[in-house]
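One file, query_9.txt, carrying compact mmCIF, C-alpha atoms:
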```txt
# COMPACT_ATOMS: atom_id res chain seq x y z
CA MET T 146 0.00 0.00 0.00
CA PHE T 147 2.87 2.38 0.85
CA GLN T 148 6.47 2.25 -0.28
CA GLY T 149 9.72 4.15 -0.54
CA SER T 150 11.32 6.49 1.99
CA MET T 151 9.06 7.08 4.97
CA VAL T 152 10.57 9.41 7.53
CA ALA T 153 10.21 8.78 11.26
CA MET T 154 9.98 12.53 11.79
CA ALA T 155 11.41 14.21 14.87
CA THR T 156 9.02 16.44 16.81
CA PRO T 157 10.41 20.02 16.95
CA MET T 158 10.57 21.55 20.40
CA HIS T 159 11.77 24.80 21.88
CA THR T 160 14.67 24.71 24.30
CA ASP T 161 12.19 24.60 27.20
CA GLY T 162 10.57 21.45 25.75
CA ALA T 163 7.41 23.14 24.43
CA LEU T 164 6.19 22.13 20.99
CA ASP T 165 7.66 24.29 18.19
CA GLU T 166 4.85 25.02 15.74
CA ALA T 167 7.01 26.92 13.24
CA GLY T 168 9.60 24.17 13.32
CA LEU T 169 6.94 21.57 12.58
CA GLU T 170 5.84 23.49 9.51
CA ARG T 171 9.45 23.83 8.33
CA LEU T 172 10.05 20.10 8.67
CA VAL T 173 6.91 19.08 6.79
CA GLU T 174 7.71 21.50 3.95
CA PHE T 175 11.29 20.22 3.92
CA HIS T 176 10.05 16.68 3.27
CA VAL T 177 7.50 17.73 0.69
CA ASP T 178 10.14 19.68 -1.22
CA ARG T 179 12.71 16.88 -1.16
CA GLY T 180 10.57 13.97 -2.21
CA THR T 181 10.01 11.99 1.00
CA ASP T 182 7.31 9.42 0.27
CA ALA T 183 5.56 9.55 3.66
CA ILE T 184 5.86 11.12 7.10
CA VAL T 185 5.33 9.23 10.34
CA ALA T 186 4.21 11.86 12.86
CA VAL T 187 4.80 11.22 16.57
CA GLY T 188 6.40 7.83 16.26
CA THR T 189 9.03 6.85 18.78
CA THR T 190 11.60 9.07 17.03
CA GLY T 191 9.02 11.83 17.52
CA GLU T 192 9.30 11.37 21.31
CA SER T 193 5.79 9.99 21.58
CA ALA T 194 6.56 8.64 25.04
CA THR T 195 6.93 12.17 26.47
CA LEU T 196 3.99 13.89 24.74
CA ASP T 197 0.65 13.95 26.50
CA HIS T 198 -2.44 12.84 24.59
CA ASP T 199 -3.53 16.33 23.55
CA GLU T 200 -0.05 17.12 22.23
CA HIS T 201 0.07 13.80 20.40
CA TYR T 202 -3.26 14.44 18.68
CA HIS T 203 -2.23 18.02 17.91
CA VAL T 204 1.01 17.07 16.16
CA MET T 205 -0.75 14.42 14.06
CA ARG T 206 -3.49 16.86 13.10
CA ARG T 207 -1.14 19.75 12.32
CA THR T 208 1.12 17.51 10.22
CA VAL T 209 -1.89 16.46 8.13
CA GLU T 210 -3.02 20.07 7.82
CA ILE T 211 0.39 21.36 6.76
CA ALA T 212 0.86 18.48 4.30
CA ARG T 213 -2.43 19.35 2.55
CA GLY T 214 -2.46 16.05 0.67
CA ARG T 215 0.96 16.63 -0.89
CA ILE T 216 2.57 13.80 1.10
CA THR T 217 1.21 10.77 2.91
CA VAL T 218 1.02 11.18 6.71
CA MET T 219 0.93 8.27 9.11
CA GLY T 220 0.36 8.54 12.84
CA GLY T 221 2.49 6.89 15.48
CA CYS T 222 -0.08 5.15 17.66
CA GLY T 223 1.78 2.58 19.71
CA ALA T 224 1.33 2.18 23.46
CA ASN T 225 1.80 -0.54 26.05
CA SER T 226 -1.90 -0.28 26.87
CA THR T 227 -4.13 -1.80 24.20
CA TRP T 228 -6.91 0.66 24.97
CA GLU T 229 -4.56 3.64 24.77
CA ALA T 230 -3.21 2.43 21.42
CA GLU T 231 -6.78 1.98 20.18
CA ALA T 232 -7.62 5.56 21.20
CA LEU T 233 -4.53 6.91 19.43
CA ALA T 234 -5.35 4.97 16.27
CA ARG T 235 -8.91 6.30 16.36
CA ARG T 236 -7.64 9.87 16.60
CA ALA T 237 -5.18 9.26 13.78
CA LEU T 238 -8.13 8.21 11.63
CA GLU T 239 -10.19 11.22 12.73
CA VAL T 240 -7.46 13.77 11.88
CA GLY T 241 -6.85 12.29 8.44
CA CYS T 242 -3.76 10.10 8.79
CA ALA T 243 -3.47 7.49 6.04
CA ALA T 244 -2.25 4.77 8.41
CA ALA T 245 -1.36 4.02 12.03
CA LEU T 246 2.08 2.74 13.02
CA LEU T 247 1.78 0.52 16.10
CA VAL T 248 4.88 -0.47 18.07
CA THR T 249 4.74 -3.63 20.14
CA PRO T 250 3.67 -2.96 23.75
CA TYR T 251 6.79 -2.08 25.68
CA TYR T 252 7.88 -3.01 29.21
CA ASN T 253 4.97 -5.33 30.09
CA LYS T 254 6.39 -8.04 27.76
CA PRO T 255 3.23 -9.80 26.55
CA THR T 256 3.28 -13.35 25.20
CA GLN T 257 2.92 -13.99 21.48
CA GLU T 258 -0.78 -14.62 22.07
CA GLY T 259 -0.99 -11.31 23.91
CA LEU T 260 0.68 -9.54 20.99
CA TYR T 261 -1.73 -11.15 18.56
CA GLN T 262 -4.74 -10.16 20.64
CA HIS T 263 -3.40 -6.60 21.11
CA PHE T 264 -3.01 -5.90 17.40
CA ARG T 265 -6.16 -7.82 16.45
CA HIS T 266 -8.20 -5.82 18.98
CA ILE T 267 -7.09 -2.48 17.50
CA ALA T 268 -7.52 -3.61 13.90
CA ASP T 269 -11.03 -4.90 14.57
CA ARG T 270 -12.13 -1.62 16.14
CA VAL T 271 -10.40 1.11 14.11
CA PRO T 272 -10.84 0.99 10.30
CA ILE T 273 -7.49 2.53 9.41
CA PRO T 274 -4.60 0.74 7.64
CA GLN T 275 -2.24 -0.46 10.35
CA ILE T 276 1.52 -1.09 10.30
CA LEU T 277 3.02 -3.33 12.94
CA TYR T 278 6.35 -2.22 14.40
CA ASN T 279 8.83 -4.71 15.84
CA VAL T 280 11.84 -3.22 17.64
CA PRO T 281 12.79 -5.66 20.42
CA GLY T 282 15.91 -3.72 21.40
CA ARG T 283 13.73 -0.83 22.57
CA THR T 284 10.56 -2.59 23.75
CA GLY T 285 11.79 -5.80 25.40
CA VAL T 286 9.44 -7.97 23.34
CA ASP T 287 9.90 -9.63 19.95
CA LEU T 288 7.01 -10.06 17.51
CA LEU T 289 7.86 -13.46 16.00
CA PRO T 290 7.28 -14.38 12.34
CA GLU T 291 4.58 -16.92 13.18
CA THR T 292 2.60 -14.20 14.97
CA VAL T 293 3.08 -11.80 12.06
CA ASP T 294 1.82 -14.62 9.82
CA ARG T 295 -1.39 -14.83 11.85
CA LEU T 296 -1.86 -11.06 11.82
CA ALA T 297 -1.28 -10.85 8.07
CA ASP T 298 -4.74 -12.33 7.55
CA VAL T 299 -6.36 -9.29 9.21
CA ALA T 300 -7.61 -7.09 6.37
CA ASN T 301 -6.43 -3.69 7.59
CA ILE T 302 -3.02 -4.84 8.87
CA VAL T 303 -1.05 -3.92 5.77
CA ALA T 304 2.65 -3.93 6.71
CA ILE T 305 5.32 -4.42 9.35
CA LYS T 306 8.25 -2.18 10.20
CA GLU T 307 10.93 -4.70 11.10
CA ALA T 308 13.76 -3.36 13.26
CA SER T 309 15.13 -6.50 14.89
CA GLY T 310 18.39 -5.99 13.00
CA SER T 311 18.23 -9.47 11.48
CA LEU T 312 18.22 -9.93 7.71
CA GLU T 313 17.22 -13.56 8.25
CA ARG T 314 14.20 -12.46 10.30
CA ALA T 315 13.06 -10.09 7.56
CA GLU T 316 13.49 -12.76 4.91
CA GLU T 317 11.43 -15.21 6.96
CA VAL T 318 8.60 -12.69 7.38
CA ILE T 319 8.62 -11.96 3.64
CA GLU T 320 8.64 -15.67 2.81
CA ARG T 321 5.76 -16.41 5.19
CA CYS T 322 3.46 -13.51 4.40
CA GLY T 323 4.99 -11.15 1.84
CA ASP T 324 2.06 -11.81 -0.48
CA ARG T 325 -0.33 -10.43 2.17
CA ILE T 326 1.55 -7.61 3.90
CA ASP T 327 4.52 -5.40 3.05
CA LEU T 328 7.73 -5.24 5.04
CA TYR T 329 9.60 -1.98 5.71
CA CYS T 330 13.10 -1.76 7.10
CA GLY T 331 13.32 -0.03 10.45
CA GLU T 332 17.10 0.03 10.77
CA ASP T 333 18.80 2.46 8.40
CA ALA T 334 22.08 0.59 8.06
CA ARG T 335 20.14 -2.36 6.58
CA ASN T 336 17.74 -0.45 4.32
CA LEU T 337 19.29 -1.52 1.02
CA ALA T 338 19.90 -5.12 2.09
CA LEU T 339 16.29 -5.54 3.16
CA MET T 340 14.92 -3.92 0.00
CA ASN T 341 17.08 -6.30 -2.02
CA ALA T 342 15.40 -9.10 -0.06
CA GLY T 343 11.91 -7.82 -0.88
CA ALA T 344 11.14 -4.97 1.53
CA ARG T 345 9.02 -2.22 -0.01
CA GLY T 346 10.85 0.68 1.63
CA CYS T 347 12.02 1.96 4.99
CA VAL T 348 10.79 3.96 7.95
CA SER T 349 13.91 6.01 8.39
CA VAL T 350 15.66 8.19 10.95
CA THR T 351 18.32 9.21 8.41
CA ALA T 352 15.61 10.58 6.11
CA ASN T 353 15.08 13.37 8.65
CA VAL T 354 18.31 15.03 7.50
CA ALA T 355 18.94 13.54 4.02
CA PRO T 356 15.44 13.13 2.58
CA ALA T 357 16.31 13.56 -1.10
CA LEU T 358 19.14 11.03 -1.03
CA MET T 359 17.04 8.54 0.91
CA HIS T 360 14.14 8.90 -1.52
CA GLN T 361 16.47 8.45 -4.49
CA MET T 362 18.13 5.40 -2.94
CA CYS T 363 14.79 3.73 -2.22
CA ALA T 364 13.48 4.51 -5.70
CA ALA T 365 16.60 3.01 -7.29
CA ALA T 366 16.41 -0.10 -5.12
CA LEU T 367 12.73 -0.65 -5.84
CA ALA T 368 13.38 -0.18 -9.57
CA GLY T 369 16.14 -2.80 -9.48
CA ASP T 370 18.91 -0.31 -10.28
CA GLN T 371 21.44 -1.86 -7.92
CA PRO T 372 24.53 0.16 -8.92
CA ARG T 373 22.74 3.47 -8.37
CA ALA T 374 21.16 2.27 -5.12
CA GLU T 375 24.56 1.15 -3.81
CA ALA T 376 26.22 4.43 -4.77
CA LEU T 377 23.53 6.46 -3.01
CA ASP T 378 23.54 4.24 0.06
CA ALA T 379 27.31 4.65 0.33
CA ARG T 380 26.82 8.43 0.66
CA LEU T 381 24.36 7.79 3.51
CA ALA T 382 26.40 5.17 5.37
CA ALA T 383 28.19 7.58 7.72
CA LEU T 384 24.86 9.12 8.73
CA HIS T 385 23.33 5.69 9.39
CA ASN T 386 26.04 5.21 12.02
CA ALA T 387 26.41 8.76 13.35
CA LEU T 388 22.70 9.20 14.07
CA PHE T 389 22.85 6.34 16.57
CA LEU T 390 25.97 7.34 18.49
CA GLU T 391 23.61 8.16 21.36
CA THR T 392 20.01 7.18 21.89
CA ASN T 393 17.70 8.13 19.04
CA PRO T 394 16.47 10.89 18.58
CA ILE T 395 19.28 12.73 20.38
CA PRO T 396 21.73 12.83 17.43
CA VAL T 397 19.12 13.51 14.75
CA LYS T 398 17.66 16.44 16.66
CA TRP T 399 21.14 17.89 17.08
CA ALA T 400 21.69 17.42 13.32
CA LEU T 401 18.41 19.13 12.43
CA HIS T 402 19.38 22.03 14.68
CA GLU T 403 22.81 22.20 13.02
CA MET T 404 21.01 22.41 9.66
CA GLY T 405 18.95 25.36 10.92
CA LEU T 406 15.62 23.54 10.73
CA ILE T 407 14.68 23.27 14.42
CA GLU T 408 15.72 24.50 17.83
CA ASP T 409 17.84 22.18 19.96
CA GLY T 410 14.96 21.18 22.22
CA MET T 411 13.90 17.81 23.61
CA ARG T 412 12.30 16.49 26.74
CA LEU T 413 13.83 14.80 29.72
CA PRO T 414 14.92 12.14 30.31
CA LEU T 415 16.61 12.71 26.93
CA THR T 416 19.46 15.22 26.97
CA PRO T 417 21.36 17.03 24.17
CA LEU T 418 24.04 15.26 22.15
CA SER T 419 27.34 14.95 24.00
CA ALA T 420 30.00 17.35 22.71
CA PRO T 421 32.52 14.65 21.67
CA TYR T 422 30.05 13.43 19.03
CA HIS T 423 29.32 16.80 17.43
CA GLU T 424 32.08 16.71 14.83
CA THR T 425 31.32 13.11 13.85
CA VAL T 426 27.70 13.94 13.14
CA ARG T 427 28.70 17.17 11.39
CA GLN T 428 31.09 15.34 9.05
CA ALA T 429 28.45 12.70 8.26
CA LEU T 430 26.04 15.47 7.31
CA LYS T 431 28.64 16.94 4.98
CA LEU T 432 29.27 13.58 3.28
CA ALA T 433 25.55 13.39 2.51
CA ASP T 434 25.48 17.04 1.31
CA ALA T 435 23.11 17.91 4.16
CA LEU T 436 25.35 20.79 5.26
```

Spell out the structure here as structure tokens.
Amino acid sequence: MFQGSMVAMATPMHTDGALDEAGLERLVEFHVDRGTDAIVAVGTTGESATLDHDEHYHVMRRTVEIARGRITVMGGCGANSTWEAEALARRALEVGCAAALLVTPYYNKPTQEGLYQHFRHIADRVPIPQILYNVPGRTGVDLLPETVDRLADVANIVAIKEASGSLERAEEVIERCGDRIDLYCGEDARNLALMNAGARGCVSVTANVAPALMHQMCAAALAGDQPRAEALDARLAALHNALFLETNPIPVKWALHEMGLIEDGMRLPLTPLSAPYHETVRQALKLADAL
């Protein structure tokens, strides 16, 4: 249903942690102008865990309003409470998001049956296309291929963002249910490898700062132009590493501030990028022509 470079967009904030409305408009226009295929508003890169519900709804709604149909907008709707995730998905539908991205419930570590029931519950009650999101390194729970296989039969579950870091895992998901749902890479360093294996695109942190290159790389990979895709991915490789030198989204928000797009604001318990990493991120931006 969706494909290409989908940015896990950072949420702009002032230095006091308040939402930055002007910065949000700049970021959306930045992605429209540079060819990003879709925006994920208030995903985990968007600091969803520290926004209250009204702020969460507001950022989704404003992103849709600013986009004005020029770019697909998805809403980050994951929560470790099934009922909270359902409410977020319902609001994403109400404000005009094209899909809901739903991370596995974090901390409470449900069983595979619990994961199945969680996602099935939301899909049965909210008629919006839904994208599963598996990132066990952040959530403490792993959505296994056999559970994805079961969920792939649910009509409005259309894709999975796979960020386990395992190429073999992605290949197994594609083999089991790639004819029923799409797979997107959720780990930038593996974007090209997973698209070569059959993924339909990526939900990217790197696309925050190098949207044109990421769009071009995904387009080349999906078109089967391997030499061009490899050449473009090589220009992005330093960013794929630099943007994870500290916990995401710390480095990417510093990079966006360095580019003059947002203020250097985020909410505790996250803190600004440590000074020893500044030059590494700066040089990676230059290699990708982002500075």

**Item:** Exercise: T:Ala374 partners within 8 Å, all atoms listed in the file, chain neighbours under 3 positions left out, as a count of residues only
**Value:** 10

In terms of all atoms listed in the file, the residue from T:Val318, T:Ala368, T:Ala268, T:Ala435 at minimal distance from T:Ala232 is T:Ala268

*asked:* Please determine, counting all atoms listed in the file, which residue among T:Glu166, T:Asp197, T:Glu375, T:Glu291 has the shortest atom-to-atom distance to T:Cys322.
replied: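 Among the listed residues, T:Glu291 lies closest to T:Cys322.
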
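For the pair atom CA of T:Ile395 and atom CA of T:Pro417, the separation is 6.1 Å.
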
Residue among T:Asp161, T:Asp294, T:Glu313, T:Glu170 lying closest to T:Arg213, counting all atoms listed in the file: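 Among T:Asp161, T:Asp294, T:Glu313, T:Glu170, it is T:Glu170 that comes nearest to T:Arg213.
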
re atom CA of T:Ser150 and atom CA of T:Ile302: distance 19.5 Å

**Prompt:** Near T:Ala183, within 7 Å and counting only C-alpha atoms, which residues show up once chain neighbours fewer than 5 positions away are dropped, as a PyMOL selection string?
**Reply:** chain T and resi 150-152+216-218

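Among the candidate residues T:Pro356, T:Arg206, T:Trp228, T:Phe147, the one lying nearest to T:Asp178 is T:Pro356, with distances computed using all atoms listed in the file.
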
Q) T:Thr190: which residues within 8 Å, counting only C-alpha atoms, same-chain residues fewer than 5 positions away excluded, as number ranges by chain? A) T: 153-156, 350, 393-394

What would the file look like if the residues just selected were written as a CSV table (one decimal), in the coordinates of the input with C-alpha atoms?
```
chain,number,residue,atom,x,y,z
T,153,ALA,CA,10.2,8.8,11.3
T,154,MET,CA,10.0,12.5,11.8
T,155,ALA,CA,11.4,14.2,14.9
T,156,THR,CA,9.0,16.4,16.8
T,350,VAL,CA,15.7,8.2,11.0
T,393,ASN,CA,17.7,8.1,19.0
T,394,PRO,CA,16.5,10.9,18.6
```

Q.
Please report the interatomic distance between atom CA of T:Glu408 and atom CA of T:His159 in Å with one decimal.
A.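 Straight-line distance from atom CA of T:Glu408 to atom CA of T:His159 works out to 5.7 Å.
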
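Here the question is which of T:His201, T:Arg207, T:Arg373, T:Arg345 gets nearest to T:Lys306 using only C-alpha atoms, and that residue is T:Arg345.
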
key: Minimum-distance residue to T:Tyr202, chosen among T:Leu172, T:Val280, T:Leu247, T:Leu233 (using all atoms listed in the file)   =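 Under the stated criterion, the closest residue is T:Leu233.
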
For this session: Enumerate, as number ranges by chain, the protein, DNA and RNA residues whose atoms approach (4.4, -20.3, 7.3) to within 12 Å, taking into account all atoms listed in the file and the coordinate frame of the file.
Result: T: 289-295, 297, 317-324

Handout entry: Selection as a list of chain:residue names: residues within 12 Å of (14.2, 25.7, 11.7), counting all atoms listed in the file
Key =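 All residues meeting the 12 Å criterion around (14.2, 25.7, 11.7) are T:Thr156, T:Pro157, T:Met158, T:His159, T:Asp165, T:Glu166, T:Ala167, T:Gly168, T:Leu169, T:Glu170, T:Arg171, T:Leu172, T:Val173, T:Glu174, T:Phe175, T:Lys398, T:Trp399, T:Ala400, T:Leu401, T:His402, T:Glu403, T:Met404, T:Gly405, T:Leu406, T:Ile407, T:Glu408, T:Asp409, T:Gly410.
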
If we count all atoms listed in the file, what is near T:Glu316 at a cut-off of 12 Å, once residues fewer than 4 positions away on the same chain are taken out, given as a list of chain:residue names?
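My list of contacting residues is T:Pro290, T:Glu307, T:Ser309, T:Gly310, T:Ser311, T:Leu312, T:Glu320, T:Arg321, T:Cys322, T:Gly323, T:Asp327, T:Leu328, T:Tyr329, T:Cys330, T:Ala338, T:Leu339, T:Met340, T:Asn341, T:Ala342, T:Gly343, T:Ala344.
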
Item checked: Neighbour list for T:Gln275 as number ranges by chain, cut-off 12 Å, all atoms listed in the file, skip fewer than 2 positions in-chain -> T: 146-147, 219-223, 230-231, 233-235, 237-238, 242-248, 264-273, 277-278, 296-297, 299-306, 326-327

Quick one: what's the axis-aligned box for stretch 285-292 of chain T, all listed atoms, 6 Å on every side, centre and edges in Å to one decimal, as JSON?
```
{"center_x": 7.2, "center_y": -11.4, "center_z": 18.9, "size_x": 21.2, "size_y": 23.1, "size_z": 25.1}
```
